[in-house]
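J.: So that you have it, the file is final.txt, and it contains compact mmCIF, C-alpha atoms:
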# COMPACT_ATOMS: atom_id res chain seq x y z
CA MET A 1430 169.31 121.51 57.17
CA GLN A 1431 168.56 121.78 60.90
CA LYS A 1432 169.78 125.38 60.81
CA ILE A 1433 167.26 126.29 58.11
CA VAL A 1434 164.42 124.71 60.08
CA ILE A 1435 165.45 126.51 63.27
CA PHE A 1436 165.63 129.78 61.34
CA TRP A 1437 162.09 129.34 60.03
CA LEU A 1438 160.76 128.42 63.46
CA ALA A 1439 162.45 131.44 65.01
CA LEU A 1440 161.18 133.76 62.29
CA LEU A 1441 157.58 132.63 62.41
CA TYR A 1442 157.31 132.45 66.18
CA GLY A 1443 159.08 135.78 66.32
CA LEU A 1444 156.37 137.28 64.09
CA GLY A 1445 153.68 135.62 66.17
CA GLY A 1446 155.26 136.85 69.38
CA ILE A 1447 155.45 140.41 68.02
CA SER A 1448 151.81 140.38 67.00
CA ILE A 1449 150.64 139.05 70.37
CA HIS A 1450 152.82 141.63 72.08
CA VAL A 1451 151.40 144.38 69.88
CA GLU A 1452 147.89 143.34 70.78
CA ARG A 1453 148.68 143.60 74.48
CA ALA A 1454 150.56 146.84 74.03
CA MET A 1455 147.64 148.33 72.11
CA ALA A 1456 145.29 147.30 74.86
CA ALA A 1457 147.54 149.02 77.39
CA ASP A 1458 147.79 152.03 75.06
CA THR A 1459 151.59 151.96 75.19
CA ALA A 1460 152.28 150.86 71.61
CA MET A 1461 155.61 151.79 70.12
CA VAL A 1462 155.69 153.37 66.67
CA GLU A 1463 156.89 150.30 64.71
CA GLN A 1464 154.37 148.09 66.45
CA ALA A 1465 151.63 150.54 65.63
CA ASP A 1466 152.81 150.51 62.01
CA PHE A 1467 152.61 146.74 61.91
CA TRP A 1468 149.14 146.87 63.39
CA ALA A 1469 148.10 149.62 60.97
CA ALA A 1470 149.29 147.47 58.05
CA LEU A 1471 147.09 144.60 59.23
CA GLN A 1472 144.13 146.95 59.61
CA TRP A 1473 144.81 148.35 56.14
CA LEU A 1474 144.77 144.78 54.74
CA GLU A 1475 141.50 144.07 56.49
CA ALA A 1476 139.99 147.20 54.93
CA SER A 1477 141.28 146.37 51.42
CA PRO A 1478 138.91 145.65 48.50
CA LEU A 1479 140.05 141.99 48.52
CA ALA A 1480 139.05 141.64 52.18
CA ALA A 1481 135.74 143.32 51.43
CA TRP A 1482 135.12 140.91 48.56
CA VAL A 1483 135.87 137.88 50.77
CA ASN A 1484 133.93 139.16 53.78
CA GLN A 1485 130.97 140.94 52.29
CA THR A 1486 129.96 139.19 49.08
CA ALA A 1487 127.96 135.97 49.06
CA ILE A 1488 130.44 134.16 46.81
CA GLY A 1489 133.71 135.56 48.21
CA TYR A 1490 134.34 133.33 51.19
CA PRO A 1491 133.00 130.06 49.65
CA THR A 1492 135.07 130.68 46.50
CA VAL A 1493 138.31 131.20 48.42
CA LEU A 1494 137.59 128.23 50.70
CA SER A 1495 136.83 125.97 47.71
CA LEU A 1496 140.09 126.95 46.00
CA HIS A 1497 141.94 126.32 49.24
CA VAL A 1498 140.63 122.75 49.56
CA ILE A 1499 141.31 122.00 45.85
CA GLY A 1500 144.88 123.27 46.20
CA MET A 1501 145.30 121.24 49.38
CA ALA A 1502 144.20 118.02 47.69
CA ILE A 1503 146.58 118.61 44.76
CA LEU A 1504 149.50 119.62 46.97
CA VAL A 1505 149.25 117.26 49.94
CA GLY A 1506 147.58 114.41 48.05
CA THR A 1507 150.30 114.23 45.40
CA LEU A 1508 153.11 114.67 47.94
CA LEU A 1509 151.69 111.92 50.18
CA MET A 1510 151.79 109.49 47.23
CA LEU A 1511 155.38 110.58 46.55
CA ASP A 1512 156.32 110.05 50.21
CA LEU A 1513 154.76 106.57 50.20
CA ARG A 1514 156.86 105.77 47.12
CA LEU A 1515 160.04 107.04 48.79
CA LEU A 1516 159.27 104.87 51.84
CA ASN A 1517 158.91 101.90 49.44
CA ILE A 1518 155.38 101.30 50.74
CA VAL A 1519 154.24 101.98 47.18
CA THR A 1520 156.47 100.44 44.51
CA GLY A 1521 156.76 100.48 40.73
CA ILE A 1522 156.76 104.23 40.13
CA PRO A 1523 160.22 105.15 38.73
CA LEU A 1524 161.98 107.75 40.86
CA PRO A 1525 162.51 110.30 38.03
CA ALA A 1526 158.72 110.45 37.65
CA LEU A 1527 158.60 111.83 41.20
CA ILE A 1528 160.23 115.03 39.92
CA THR A 1529 157.20 115.53 37.67
CA MET A 1530 154.92 114.82 40.63
CA ILE A 1531 156.59 117.52 42.76
CA ARG A 1532 156.17 120.05 39.92
CA PHE A 1533 152.52 119.04 39.67
CA ALA A 1534 152.08 119.42 43.44
CA SER A 1535 153.48 122.95 43.23
CA ILE A 1536 150.36 123.95 41.24
CA GLY A 1537 148.42 123.17 44.42
CA PHE A 1538 150.89 125.21 46.45
CA ILE A 1539 150.37 128.25 44.19
CA ILE A 1540 146.57 127.91 44.34
CA ASN A 1541 146.77 127.81 48.13
CA ALA A 1542 149.23 130.67 48.47
CA ILE A 1543 146.81 132.87 46.49
CA SER A 1544 143.60 131.67 48.16
CA GLY A 1545 145.43 131.78 51.51
CA VAL A 1546 146.14 135.49 51.02
CA GLY A 1547 142.40 135.97 50.51
CA LEU A 1548 141.62 134.11 53.73
CA PHE A 1549 144.35 136.01 55.61
CA VAL A 1550 143.42 139.56 54.64
CA ALA A 1551 139.78 138.89 55.49
CA GLN A 1552 140.73 138.62 59.17
CA ALA A 1553 144.31 139.85 59.25
CA THR A 1554 144.23 141.49 62.69
CA THR A 1555 142.80 138.46 64.49
CA ILE A 1556 144.41 135.56 62.63
CA VAL A 1557 147.94 136.94 62.98
CA SER A 1558 148.03 136.00 66.65
CA SER A 1559 146.22 132.66 66.26
CA VAL A 1560 148.49 129.88 67.53
CA PRO A 1561 147.15 127.22 65.10
CA PHE A 1562 147.65 129.66 62.20
CA LEU A 1563 151.26 130.39 63.16
CA THR A 1564 151.88 126.68 63.67
CA LYS A 1565 150.40 126.00 60.23
CA MET A 1566 152.64 128.63 58.59
CA THR A 1567 155.68 127.14 60.33
CA LEU A 1568 154.79 123.63 59.18
CA ILE A 1569 154.22 124.84 55.60
CA GLY A 1570 157.63 126.55 55.65
CA MET A 1571 159.29 123.35 56.85
CA GLY A 1572 157.24 121.23 54.43
CA ALA A 1573 158.35 123.44 51.54
CA ILE A 1574 161.98 123.15 52.62
CA ILE A 1575 161.91 119.37 52.97
CA THR A 1576 160.12 119.05 49.60
CA ALA A 1577 162.82 121.22 48.01
CA VAL A 1578 165.47 118.95 49.58
CA ILE A 1579 163.75 115.84 48.14
CA TYR A 1580 163.41 117.56 44.73
CA ARG A 1581 167.10 118.47 44.64
CA ARG A 1582 168.28 115.00 45.64
CA LEU A 1583 166.01 113.40 43.03
CA LYS A 1584 167.32 115.77 40.36
CA LEU A 1585 170.93 115.01 41.20
CA ASN A 1586 170.57 111.23 41.46
CA ALA A 1587 167.37 110.18 39.73
CA GLY A 1588 169.15 108.64 36.75
CA ALA A 1589 171.19 106.34 38.96
CA TRP A 1590 168.18 105.39 41.10
CA ASP A 1591 165.72 104.65 38.28
CA ASP A 1592 163.11 102.03 39.15
CA ALA A 1593 165.12 100.74 42.07
CA ALA A 1594 163.92 100.71 45.65
CA ALA A 1595 164.14 104.24 47.01
CA PRO A 1596 167.45 104.94 48.76
CA ASP A 1597 167.57 105.17 52.55
CA ALA A 1598 168.82 108.75 52.25
CA LEU A 1599 165.33 109.84 51.16
CA LYS A 1600 163.39 107.95 53.84
CA LYS A 1601 163.86 110.47 56.63
CA PRO A 1602 162.90 113.44 54.40
CA ALA A 1603 159.83 111.48 53.22
CA MET A 1604 158.73 110.85 56.82
CA LEU A 1605 159.30 114.51 57.72
CA SER A 1606 157.31 115.53 54.64
CA ILE A 1607 154.31 113.49 55.86
CA VAL A 1608 154.62 114.97 59.36
CA PHE A 1609 154.86 118.59 58.10
CA TRP A 1610 152.11 118.47 55.46
CA VAL A 1611 149.62 116.43 57.49
CA GLY A 1612 150.52 118.63 60.47
CA ALA A 1613 149.70 121.72 58.39
CA ILE A 1614 146.25 120.24 57.61
CA ILE A 1615 145.64 119.52 61.31
CA ALA A 1616 146.75 123.00 62.39
CA GLY A 1617 144.69 124.59 59.61
CA ARG A 1618 141.55 122.78 60.69
CA LEU A 1619 142.09 123.92 64.28
CA ILE A 1620 142.23 127.63 63.37
CA ALA A 1621 138.44 127.75 63.52
CA TYR A 1622 138.37 126.07 66.94
CA LEU A 1623 141.36 127.37 68.88
CA SER A 1624 141.56 131.02 67.80
CA ASP A 1625 139.94 133.65 69.96
CA MET B 166 111.23 106.59 55.55
CA ILE B 167 113.90 109.32 55.58
CA ASP B 168 112.18 110.89 58.57
CA ALA B 169 112.40 107.56 60.38
CA VAL B 170 116.13 107.32 59.68
CA ILE B 171 116.66 110.88 60.93
CA ALA B 172 114.62 110.13 64.07
CA TRP B 173 116.66 107.00 64.68
CA MET B 174 119.92 108.92 64.29
CA MET B 175 118.77 111.63 66.67
CA ASN B 176 118.05 108.98 69.29
CA CYS B 177 121.18 106.88 69.00
CA SER B 178 123.86 107.23 71.64
CA LEU B 179 126.54 108.11 69.07
CA HIS B 180 124.53 111.22 68.15
CA HIS B 181 124.51 112.42 71.75
CA TRP B 182 128.14 111.45 72.33
CA ILE B 183 129.44 113.50 69.35
CA ARG B 184 127.32 116.50 70.27
CA SER B 185 128.41 116.48 73.91
CA THR B 186 132.11 115.78 73.28
CA GLY B 187 133.94 118.96 72.33
CA TRP B 188 136.88 117.35 70.58
CA ALA B 189 134.87 114.79 68.58
CA TRP B 190 133.73 117.02 65.69
CA PRO B 191 137.10 118.75 65.07
CA THR B 192 138.86 115.38 65.26
CA PHE B 193 136.52 113.85 62.68
CA GLU B 194 137.02 116.94 60.49
CA ILE B 195 140.80 116.54 60.64
CA LEU B 196 140.52 112.84 59.76
CA HIS B 197 138.09 113.72 56.95
CA PHE B 198 140.68 116.13 55.47
CA ILE B 199 143.52 113.60 55.75
CA GLY B 200 141.32 110.92 54.16
CA LEU B 201 140.44 113.39 51.41
CA SER B 202 144.13 114.00 50.69
CA LEU B 203 144.83 110.26 50.44
CA LEU B 204 141.81 109.60 48.21
CA LEU B 205 142.30 112.61 45.92
CA GLY B 206 146.08 112.20 45.82
CA ALA B 207 145.90 108.57 44.76
CA MET B 208 143.09 109.21 42.26
CA LEU B 209 144.94 112.18 40.75
CA VAL B 210 148.07 110.16 39.98
CA ILE B 211 146.06 107.16 38.75
CA ASP B 212 143.74 109.26 36.57
CA VAL B 213 146.47 111.48 35.14
CA ARG B 214 148.30 108.35 33.93
CA LEU B 215 145.04 106.75 32.75
CA ALA B 216 144.37 109.93 30.75
CA GLY B 217 147.63 109.33 28.89
CA PHE B 218 150.04 111.65 30.71
CA TRP B 219 153.14 110.84 32.78
CA ARG B 220 154.13 107.95 30.47
CA ARG B 221 157.34 107.42 32.35
CA ILE B 222 155.15 105.66 34.94
CA SER B 223 153.93 102.30 33.63
CA THR B 224 150.17 101.86 33.56
CA SER B 225 150.42 98.94 35.97
CA ALA B 226 152.56 100.86 38.49
CA VAL B 227 149.83 103.35 39.36
CA HIS B 228 147.72 100.37 40.41
CA SER B 229 149.80 100.14 43.58
CA LEU B 230 148.22 103.45 44.65
CA LEU B 231 144.66 102.06 44.56
CA PRO B 232 144.73 100.69 48.15
CA TRP B 233 145.50 104.22 49.37
CA ALA B 234 142.47 105.58 47.57
CA VAL B 235 140.41 102.85 49.25
CA ILE B 236 141.89 103.68 52.69
CA GLY B 237 141.15 107.38 52.16
CA PHE B 238 137.61 106.56 51.07
CA GLY B 239 137.12 104.28 54.09
CA VAL B 240 138.30 106.96 56.53
CA ASN B 241 135.96 109.50 54.93
CA LEU B 242 133.01 107.13 54.82
CA MET B 243 133.35 106.53 58.57
CA THR B 244 133.97 110.16 59.57
CA GLY B 245 131.32 111.37 57.10
CA LEU B 246 128.82 109.03 58.72
CA MET B 247 129.69 110.60 62.08
CA PHE B 248 128.82 114.09 60.76
CA VAL B 249 125.47 112.88 59.43
CA ILE B 250 124.61 111.01 62.64
CA ALA B 251 125.53 114.05 64.73
CA ASP B 252 123.48 116.47 62.63
CA PRO B 253 121.15 114.54 60.28
CA ASP B 254 118.62 117.34 59.84
CA ARG B 255 121.34 119.62 58.50
CA TYR B 256 122.83 117.19 55.99
CA VAL B 257 120.02 115.05 54.63
CA TRP B 258 118.03 117.97 53.21
CA ASN B 259 121.07 119.96 52.07
CA ILE B 260 121.27 120.18 48.26
CA GLY B 261 125.07 120.28 48.36
CA PHE B 262 125.16 117.08 50.40
CA GLN B 263 122.62 115.39 48.11
CA ILE B 264 124.59 116.15 44.93
CA LYS B 265 127.79 115.12 46.71
CA MET B 266 126.28 111.69 47.48
CA LEU B 267 125.07 111.39 43.87
CA LEU B 268 128.58 112.15 42.60
CA ILE B 269 130.06 109.51 44.94
CA VAL B 270 127.63 106.95 43.46
CA ILE B 271 128.62 107.96 39.90
CA ALA B 272 132.32 107.76 40.85
CA GLY B 273 131.66 104.31 42.33
CA LEU B 274 129.91 103.07 39.17
CA ASN B 275 132.77 104.53 37.13
CA ALA B 276 135.23 102.56 39.28
CA VAL B 277 133.19 99.37 38.80
CA TRP B 278 133.26 99.98 35.02
CA PHE B 279 137.04 100.44 35.25
CA GLY B 280 137.40 97.18 37.19
CA LEU B 281 135.22 95.18 34.78
CA LYS B 282 136.11 96.61 31.38
CA ILE B 283 139.37 98.58 31.51
CA SER B 284 141.56 96.90 34.11
CA PRO B 285 141.44 93.38 32.57
CA VAL B 286 142.80 94.62 29.21
CA MET B 287 145.46 96.97 30.59
CA GLY B 288 148.05 94.19 30.16
CA THR B 289 147.71 94.49 26.38
CA TRP B 290 148.61 98.22 26.37
CA ASN B 291 152.07 99.62 25.85
CA PRO B 292 152.89 100.27 29.55
CA HIS B 293 154.66 103.54 28.68
CA GLY B 294 152.40 104.61 25.82
CA ASP B 295 149.16 106.46 25.27
CA THR B 296 145.90 105.06 26.65
CA PRO B 297 142.72 104.15 24.71
CA ALA B 298 139.84 106.64 24.45
CA GLY B 299 137.67 104.50 26.76
CA ALA B 300 140.28 104.72 29.52
CA LYS B 301 140.52 108.50 29.09
CA VAL B 302 136.77 108.89 29.53
CA VAL B 303 136.95 106.88 32.78
CA ALA B 304 139.91 108.99 33.98
CA TYR B 305 138.32 112.38 33.30
CA LEU B 306 134.95 111.32 34.69
CA SER B 307 136.70 110.12 37.84
CA LEU B 308 138.56 113.43 38.27
CA VAL B 309 135.41 115.48 37.69
CA CYS B 310 133.44 113.36 40.18
CA TRP B 311 136.01 113.38 42.99
CA PHE B 312 136.85 117.07 42.69
CA GLY B 313 133.11 117.75 42.54
CA VAL B 314 132.60 115.66 45.68
CA MET B 315 135.23 117.70 47.49
CA LEU B 316 133.88 121.03 46.24
CA LEU B 317 130.30 120.26 47.22
CA GLY B 318 131.43 119.03 50.61
CA ARG B 319 133.14 122.33 51.21
CA LEU B 320 130.03 124.22 50.08
CA ILE B 321 127.52 122.37 52.31
CA PRO B 322 127.48 125.21 54.89
CA TYR B 323 126.83 127.78 52.16
CA VAL B 324 124.03 126.25 50.09
CA GLY B 325 120.39 125.96 51.00
CA THR B 326 118.33 122.91 51.83
CA GLY B 327 116.80 120.83 49.03
CA ALA B 328 113.45 121.24 50.78
CA GLY B 329 113.66 124.98 50.11
Give the structure from this file in C-alpha cells form.

T.:
Amino acid sequence: MQKIVIFWLALLYGLGGISIHVERAMAADTAMVEQADFWAALQWLEASPLAAWVNQTAIGYPTVLSLHVIGMAILVGTLLMLDLRLLNIVTGIPLPALITMIRFASIGFIINAISGVGLFVAQATTIVSSVPFLTKMTLIGMGAIITAVIYRRLKLNAGAWDDAAAPDALKKPAMLSIVFWVGAIIAGRLIAYLSD
Amino acid sequence: MIDAVIAWMMNCSLHHWIRSTGWAWPTFEILHFIGLSLLLGAMLVIDVRLAGFWRRISTSAVHSLLPWAVIGFGVNLMTGLMFVIADPDRYVWNIGFQIKMLLIVIAGLNAVWFGLKISPVMGTWNPHGDTPAGAKVVAYLSLVCWFGVMLLGRLIPYVGTGAG
C-alpha cells in the first residue's frame, strides 16, 4: 500500500519537476530535444479545438466548470457519507450498500476526468507547473487508490460484515479517504490563487 | 430598503476585514466547497433512497445522514454570508444569485413539507421496499433544487446583473 502511494507521489512530482525544469530550460534557450517535445505537446494541446472551445466561446468555460462542480459533489459528497459510515459516525447503512455508493461516486469521477481534461488543455502550458494543480493530481491519485482498497475489502467481506459496526480495518482507509478527497478540493480551489 | 442593507454591509467592519485580508476569501471558498460536498452528498443518498432506489438501505437509515446535510448547509450559510458582505453590490443584483436564493427557499419549503407530511408516516412503509409517489416528488424536487443551487452558484461570475 505505502509503496503504491510513494510511486504515485514520485511519478507526479517527477512530472511536475520536469515541467518546471523545462520552463527554466526554455527560458535559458538550452532545452533538450525530449523536453522540447514535451513542451510542444502542451502547446499543441493548448492550440487544439477543445482548448479553443473552452477559451474562446462564451459557454465553453462556464460549461466545463459547472460539470466539474457537479462531478465533485457526486464524487466527494457520496464518498464522504461512505467514510462517515465506515467510521461509525453514521450508522444503520448496511456495509454491502456502500459498494453501490462507490459505483455511484465513480460517475462523478468520470464527469470530472472529462471536464478536467477540458480545463487542463485550456491552459496546459501554465497549469502543468502549478504546485496546487500537481498537489491536487497527487491527492486524486491517492484518493482513487484508497477508494479502490475500500471497495475491494468491502467486496471480499461485505457479506460477513452486514449491518454490523464497521470493522476497525476500514477506519484508517476511511480517514485517509477524507484527507485525500477534501485535500484535493482545497488544492483545486488554490489553483486560481497560487499559480503564476 | 435593499440599498440600505448594501450600504450597511459596505460600512461594517467585517466587509473591510475580508477585503483587506488576502487569505480570507480563498479560505471561505474552500469551506464553501467542503460544505457543498457534505450537503449535496447527504442529500444525494437520502433522495436516491427516497426516490425508491438503493432498497438495501432501510428508509430510516438514511435519516442518520440528515445532520450532515444540516452541517453542510450551516457552513455554506455562514461562508456565503461572508461573500455577500464582502461584495454586496456584485451579488445582490446578480440574476444567478437571485435564482440561487429562490431555489434555496423552495428546497427549504420542500424539506418542511417532508418533515410535516412524509417523515411521520415513513414508519408504515416497508423499510426495504418502494416509496410512495409523494415521497418521490419530494426527492426529485430536492435533487433538482440543490443541484440547481450549486450550478447557479458556479455561474454567478458569468451571468449578468438582474438590473440589466

J.: So, with all atoms listed in the file as the atoms that count, which of B:Pro297, B:Leu306, B:Lys282, B:Ile195 lies closest to B:Leu209?

T.: B:Leu306

J.: Define the interface residues of chain A facing chain B as those within 10 Å, counting all atoms listed in the file, and report them as a VMD selection string.

T.: chain A and resid 1487 to 1488 1490 to 1492 1494 to 1499 1501 to 1511 1513 to 1514 1518 to 1527 1529 to 1530 1533 to 1534 1592 1610 to 1612 1614 to 1619 1621 to 1622

J.: In Å, how far is it from atom CA of B:Asp295 to atom CA of B:Cys310?

T.: 22.7 Å

J.: Go ahead and compute the interatomic distance for atom CA of B:Ile183 and atom CA of B:Met247, in Å to one decimal.

T.: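 Interatomic distance, atom CA of B:Ile183 to atom CA of B:Met247: 7.8 Å.
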
J.: One number please: atom CA of A:Gly1537 to atom CA of A:Ile1569, in Å, one decimal.

T.: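 So the answer is 12.7 Å.
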